[in-house]
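> Following this message is one structure expressed as structure tokens.
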Amino acid sequence: MSIENYLQENFTSSKEAYLSIFEKFDRNRDGFLDEVEFQEFLTEVFHGNGNSNEDISPSFLSNLSSILDLDEDGKLGHEDFRCAWTYWMKQILKPVRALVIVDVQNDFISGSLSLSDCPSGHDGSEVVPVINKLLGADLFDVVVYTYDWHPEDHISFIDNVHSRPVHSASKVGAKDAKVLETVTFDVQCCKREQIMWPKHCVQKSWGSELHPDLKVVPNAHHVNKGMNPDVDSYSAFWDNDKLSQTSLSSILKEKCVTDVYVCGLAYDVCVGFTAYHAVEHGFRTVFIEDASRGVSFDGMASVKTDLMNKGVYFTNSDEVPKLTKSELRPVPLAIQAAINYKVAWEIVRGYSQQSTA
């Protein structure tokens, strides 16, 4: 049975399922997949049905072999393949997909912190029809809307720059601070660097509301962030100092999500930080560029480089349907899935060893 047959049926981790695939590629019937046999398997997974133009490079082959060889005997046997099929391939062939729509709020589009007034000059409203089209296609198992949700006395507001002591290490004093400059505050005896922004997304204000044209789907989840007045929160997972986290991780784990698609405002701030933490939390992460707009071009370029090095896959909305249906299987996401799988296996093995000690 081919890999593609499993995309047309319910994915199963039964013994018959993985054995039929294993035996297909174990050409010499020695009970192991050697390098040539494993490469043939990968070629069908990532090139079958014409789904990828990426080469199965020697480094990709070596990386995956090393990660999936759980007993570290230098060979991929039945047990290695069973675990890989059940936990690694399931992420690739039958992912559970979440769309996280970050901060598509009035203040970032036409309000006090409009991206059109930032160095990029971007029109934040341009993301709305792109996101609406994705939502209308019913591609995701989970949809999450996030909100900057600041109290009036938030540390990030330039209006409040005089309300907290400035640390002696700060290069900019409160008197001279301007929007987009970084001030170092002394908050509860801690040094806290903060980019200064115009007052924005104050709780229950018009500026904190989602753009009126943005489609809001039934049964979606809504996550607020940035509610602690003394620490900013760019990511939809954590505040900037990781003092506390939002409900986002719990929502995604409860729904057994494997893949997180991120988009919204702003590309190089809240969307970028959310993508970074999505990878850190073990999700395969896809960044939808044409459904995002940013503060500065330099910032966006820097964030993209950093996130790609972390394994985030960058795409545009026209490719998303094929990605969510696993008709397109990019190599970077396969590597990320394998890393996630190995980390989880190491944790389980650690617990097992502790329990038998």
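Labeling convention for the structure tokens: chains A, B, ... as they appear, residues from 1 per chain, ligands from 1 in order of appearance.
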Listing only residues of stretch 196-268 of chain A within 6 Å of stretch 130-145 of chain A, what is the closest atom pair and its distance in Å (to one decimal) for each, using only C-alpha atoms, sorted by chain and residue number ascending, as a tab-separated table?

residue	atom	partner	partner_atom	distance
A:Lys215	CA	A:Asn132	CA	5.6
A:Ala220	CA	A:Val143	CA	5.1
A:His221	CA	A:Val144	CA	4.6
A:His222	CA	A:Tyr145	CA	4.9
> Going by DSSP on the backbone, which bits of stretch 146-310 of chain A are strand (DSSP E or B)? Write them as a PyMOL selection string, please.
chain A and resi 146-148+150+157+166+182-187+190-195+197+202+210+221-225+238+245+259-265+284-293
> Once you have the residues from the selection above, write them out as a compact mmCIF listing (two decimals), in the first residue's frame, restricted to N, CA and C atoms.

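The result, written out as part.txt:
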# COMPACT_ATOMS: atom_id res chain seq x y z
N THR A 146 -6.25 36.56 19.05
CA THR A 146 -5.56 37.12 20.22
C THR A 146 -5.73 38.64 20.23
N TYR A 147 -5.60 39.20 21.44
CA TYR A 147 -5.82 40.64 21.64
C TYR A 147 -4.74 41.21 22.55
N ASP A 148 -4.11 42.32 22.15
CA ASP A 148 -3.46 43.17 23.13
C ASP A 148 -4.57 43.71 24.02
N HIS A 150 -4.48 45.94 27.21
CA HIS A 150 -3.67 46.66 28.18
C HIS A 150 -4.49 47.49 29.16
N PHE A 157 3.37 52.29 27.26
CA PHE A 157 2.82 53.53 26.73
C PHE A 157 3.78 54.69 26.96
N VAL A 166 13.42 55.06 36.18
CA VAL A 166 14.29 54.62 35.08
C VAL A 166 15.58 54.07 35.68
N THR A 182 13.98 52.58 23.23
CA THR A 182 13.97 51.63 24.35
C THR A 182 14.41 52.32 25.64
N VAL A 183 13.57 52.21 26.64
CA VAL A 183 13.88 52.73 27.97
C VAL A 183 14.03 51.54 28.91
N THR A 184 15.02 51.60 29.79
CA THR A 184 15.21 50.55 30.79
C THR A 184 14.66 51.03 32.13
N PHE A 185 13.62 50.36 32.60
CA PHE A 185 12.98 50.75 33.85
C PHE A 185 13.51 49.89 35.00
N ASP A 186 13.38 50.43 36.20
CA ASP A 186 13.67 49.70 37.42
C ASP A 186 12.33 49.33 38.04
N VAL A 187 11.89 48.09 37.78
CA VAL A 187 10.57 47.66 38.22
C VAL A 187 10.74 46.57 39.27
N CYS A 190 14.01 45.08 39.46
CA CYS A 190 14.44 44.35 38.27
C CYS A 190 14.66 45.33 37.12
N LYS A 191 15.67 45.05 36.31
CA LYS A 191 15.94 45.87 35.13
C LYS A 191 15.08 45.35 33.99
N ARG A 192 14.23 46.21 33.45
CA ARG A 192 13.31 45.78 32.40
C ARG A 192 13.36 46.73 31.21
N GLU A 193 13.84 46.23 30.09
CA GLU A 193 13.90 47.03 28.87
C GLU A 193 12.53 47.05 28.20
N GLN A 194 12.16 48.24 27.72
CA GLN A 194 10.83 48.37 27.14
C GLN A 194 10.86 49.33 25.96
N ILE A 195 10.42 48.85 24.79
CA ILE A 195 10.20 49.76 23.65
C ILE A 195 8.97 50.59 23.96
N TRP A 197 5.75 52.71 23.03
CA TRP A 197 4.74 52.76 21.98
C TRP A 197 3.68 53.81 22.33
N VAL A 202 -6.24 49.73 24.79
CA VAL A 202 -6.67 49.79 26.19
C VAL A 202 -7.94 48.94 26.34
N LEU A 210 -11.48 43.93 17.53
CA LEU A 210 -11.07 43.41 16.24
C LEU A 210 -11.60 44.31 15.13
N HIS A 221 -11.65 30.49 19.81
CA HIS A 221 -11.13 30.84 21.14
C HIS A 221 -10.57 32.26 21.09
N HIS A 222 -10.69 32.98 22.20
CA HIS A 222 -10.22 34.36 22.28
C HIS A 222 -9.25 34.48 23.46
N VAL A 223 -8.06 34.98 23.17
CA VAL A 223 -6.99 35.03 24.17
C VAL A 223 -6.51 36.46 24.34
N ASN A 224 -6.56 36.96 25.57
CA ASN A 224 -6.05 38.30 25.90
C ASN A 224 -4.63 38.21 26.41
N LYS A 225 -3.84 39.25 26.14
CA LYS A 225 -2.45 39.30 26.61
C LYS A 225 -2.06 40.74 26.94
N TRP A 238 3.33 33.85 26.05
CA TRP A 238 4.00 34.31 27.27
C TRP A 238 4.12 35.83 27.27
N GLN A 245 1.99 32.91 31.60
CA GLN A 245 1.56 32.57 30.26
C GLN A 245 0.04 32.69 30.13
N ASP A 259 -0.01 21.42 14.43
CA ASP A 259 0.46 22.48 13.55
C ASP A 259 -0.19 23.81 13.89
N VAL A 260 0.63 24.84 14.09
CA VAL A 260 0.13 26.18 14.38
C VAL A 260 0.47 27.10 13.21
N TYR A 261 -0.55 27.70 12.63
CA TYR A 261 -0.40 28.69 11.57
C TYR A 261 -0.61 30.06 12.20
N VAL A 262 0.34 30.97 12.01
CA VAL A 262 0.24 32.29 12.63
C VAL A 262 0.16 33.37 11.56
N CYS A 263 -0.57 34.43 11.87
CA CYS A 263 -0.69 35.57 10.97
C CYS A 263 -1.23 36.74 11.77
N GLY A 264 -1.27 37.92 11.16
CA GLY A 264 -1.86 39.09 11.81
C GLY A 264 -0.92 40.25 11.93
N LEU A 265 -0.99 40.96 13.07
CA LEU A 265 -0.27 42.21 13.29
C LEU A 265 0.43 42.16 14.65
N ARG A 284 4.61 22.30 15.17
CA ARG A 284 5.08 22.65 13.84
C ARG A 284 4.45 24.00 13.49
N THR A 285 5.27 24.93 13.04
CA THR A 285 4.80 26.31 12.96
C THR A 285 4.94 26.86 11.53
N VAL A 286 3.83 27.43 11.04
CA VAL A 286 3.78 28.00 9.70
C VAL A 286 3.43 29.48 9.81
N PHE A 287 4.22 30.32 9.17
CA PHE A 287 4.02 31.77 9.20
C PHE A 287 3.44 32.20 7.85
N ILE A 288 2.22 32.76 7.87
CA ILE A 288 1.54 33.16 6.64
C ILE A 288 1.87 34.63 6.36
N GLU A 289 2.78 34.86 5.43
CA GLU A 289 3.33 36.21 5.24
C GLU A 289 2.33 37.20 4.65
N ASP A 290 1.54 36.80 3.66
CA ASP A 290 0.63 37.76 3.04
C ASP A 290 -0.59 38.05 3.91
N ALA A 291 -0.71 37.32 5.03
CA ALA A 291 -1.77 37.60 6.01
C ALA A 291 -1.19 38.32 7.22
N SER A 292 -0.02 38.94 7.05
CA SER A 292 0.65 39.67 8.13
C SER A 292 1.24 40.97 7.59
N ARG A 293 1.32 41.96 8.46
CA ARG A 293 1.97 43.23 8.13
C ARG A 293 2.81 43.65 9.32
> What's around A:Leu307 at 8 Å? Count only C-alpha atoms, leave out sequence neighbours fewer than 4 positions away in its own chain, and write the answer as a list in words.
Gly272, Ala275, Tyr276, Val303, Gly311 and Val312 of chain A
> Extract the full set of helix (DSSP H, G or I) residues from stretch 41-176 of chain A according to DSSP on the backbone, and format it as an NGL selection string.
:A and (41-50 or 58-68 or 78-93 or 106-109 or 115-117 or 124-136 or 158-160)
> Show which residues sit within 10 Å of A:Pro212, as a VMD selection string. Count only C-alpha atoms, and ignore same-chain residues fewer than 6 positions away.
chain A and resid 104 to 106 128
> In Å, with one decimal, what is the gap from atom CA of A:Ser247 to atom CA of A:Ile339?
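Here the two named atoms are 24.3 Å from each other.
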> Could you make a table, as a tab-separated table, of the residues of stretch 50-148 of chain A that have an atom within 7 Å of an atom of stretch 28-41 of chain A, each with its nearest atom pair and distance in Å to one decimal, counting only C-alpha atoms, in chain and number order?

residue	atom	partner	partner_atom	distance
A:Leu61	CA	A:Gln39	CA	6.8
A:Lys75	CA	A:Phe32	CA	6.4
A:Leu76	CA	A:Leu33	CA	5.3
A:Gly77	CA	A:Phe32	CA	4.5
A:His78	CA	A:Gly31	CA	6.8
> Of the residues A:Gly74, A:Gly294, A:Pro129, A:Pro229, which is the one nearest to A:Ser114, using only C-alpha atoms?
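Answer, going by the shortest atom-to-atom distance: A:Gly294.
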> Could you check the closest approach to A:Ala301 for each of A:Ser208, A:Ser120, A:Ser57, A:Asn228 and tell me which residue wins, using only C-alpha atoms?
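Result for the nearest residue to A:Ala301: A:Ser120.
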> Please indicate the distance in Å from atom CA of A:Trp206 to atom CA of A:Asp107, rounded to one decimal place.
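Atom-to-atom, atom CA of A:Trp206 and atom CA of A:Asp107 are spaced 7.9 Å apart.
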> Excluding A:His281 and any residue of its chain fewer than 4 positions from it, enumerate the residues within 10 Å of it, using only C-alpha atoms, and give them as a list in words.
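Everything that qualifies: Phe237, Ser249, Lys253, Ala275, Tyr276, His277 and Asn340 of chain A.
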> Go through A:Gln336, A:Val343, A:His211, A:Met227 one by one, measure the shortest atom-to-atom distance of each to A:Asn63 using only C-alpha atoms, and give the residue with the smallest value.
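Of all the options, A:Gln336 lies closest to A:Asn63.
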> Quick check, in Å to one decimal: how far apart do atom CA of A:Cys201 and atom CA of A:Tyr313 lie?
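Taking atom CA of A:Cys201 and atom CA of A:Tyr313, their separation equals 29.3 Å.
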